[in-house]
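K.L.:
Okay, handing you the structure first.
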Amino acid sequence: MNGNHDLGYAKRIGTGMALIVFPAVWMFAFAVHPDLLHPRLLGPEELIDRAHGNGLLQFAHVLVTLNTALLVVLAVHFMRLLDPTRFARAGLIGAGLAVVGACLLAADKGAMCLTMSALDTLPAKDFDPMMPGLVAIFSFKGWMALVWGMALGPLGVVIQTVALWRAKVFPVWQLGLLAGSLLFIAFPDGAEIINLVAAVAMAIALVPYGFSLITASRSGTRHVVAAGLG
């Protein structure tokens, strides 16, 4: 019995840390993009030129690739919060969409960013002939079009936030910030200042709740909600 209690406490700490790290990684990743204060939509060639040789940006994209796993943690946690309510089905559907979206986001970063870091190790004379292939990748040609499904990630969690609101599990302001941030977190490349603002809003919604899970007493209630309020 005590072992199960300890396991539940460990899970709560892990979930709380995930909810803190998830928006923090997004904030860092968007903040290190060049020309942050000069937003404009970029074409495939411009995206390639921006990423080529930019070690800090490559590192940020590596973190985003790993961060997709925390989206799964977020979605599963929300699903479990909804399980005892009449909106359990929405929680399950949202979690399913979020998991698929997370996998496709990881595929997107792997193809477009991790690949670029490998090609950066080549001399310019070998890199330049690869531009047509890179343009095809960055233009989502062929089966690359599947990565558009990464939009299912935020969509799934938005479905869950609506269900959480209807179930009165979280305050409206908190769920509103989270839903709004998820809708703008995937704004097109080149306007990362908008993505950064969305990531900050996400942090405001999730970080206090994450800390509330971590700091909850081992003998406290099983469900800690409302950004650490109860």
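All residue names refer to the structure tokens as shown: chains lettered A, B, ... in order, residues numbered from 1 in each chain, ligands numbered from 1 in order.
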Give me the residues near His77 (chain A) as a list in words, where near means some atom within 12 Å (using only C-alpha atoms) and where sequence neighbours in that chain fewer than 5 positions away do not count.

P.N.:
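Skipping anything fewer than 5 positions along the chain leaves Lys11, Arg12, Gly14, Thr15, Gly16, Ala18, Leu19, Leu70, Leu71, Val72, Leu82, Asp83, Gly91, Leu92, Gly94, Ala95, Ala98, Val157, Gln160, Thr161, Leu164, Tyr209, Gly210, Leu213, His223, Val224 and Val225 of chain A.
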
K.L.:
Find the spatial neighbours of Asp35 (chain A), counting only C-alpha atoms, within a cut-off of 9 Å - ignore same-chain residues fewer than 4 positions away - and output them as number ranges by chain.

P.N.:
A: 39, 190-192

K.L.:
Among region 125-160 of chain A, which residues carry a DSSP assignment of alpha helix (DSSP H), reported as a ChimeraX atom specification?

P.N.:
/A:125-127,131-138,152-160

K.L.:
Using only C-alpha atoms, can you tell me which of A:Leu178, A:Leu97, A:Ala199, A:Ile48 comes closest to Met27 (chain A)?

P.N.:
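With only C-alpha atoms as the atom set, the closest residue is A:Ala199.
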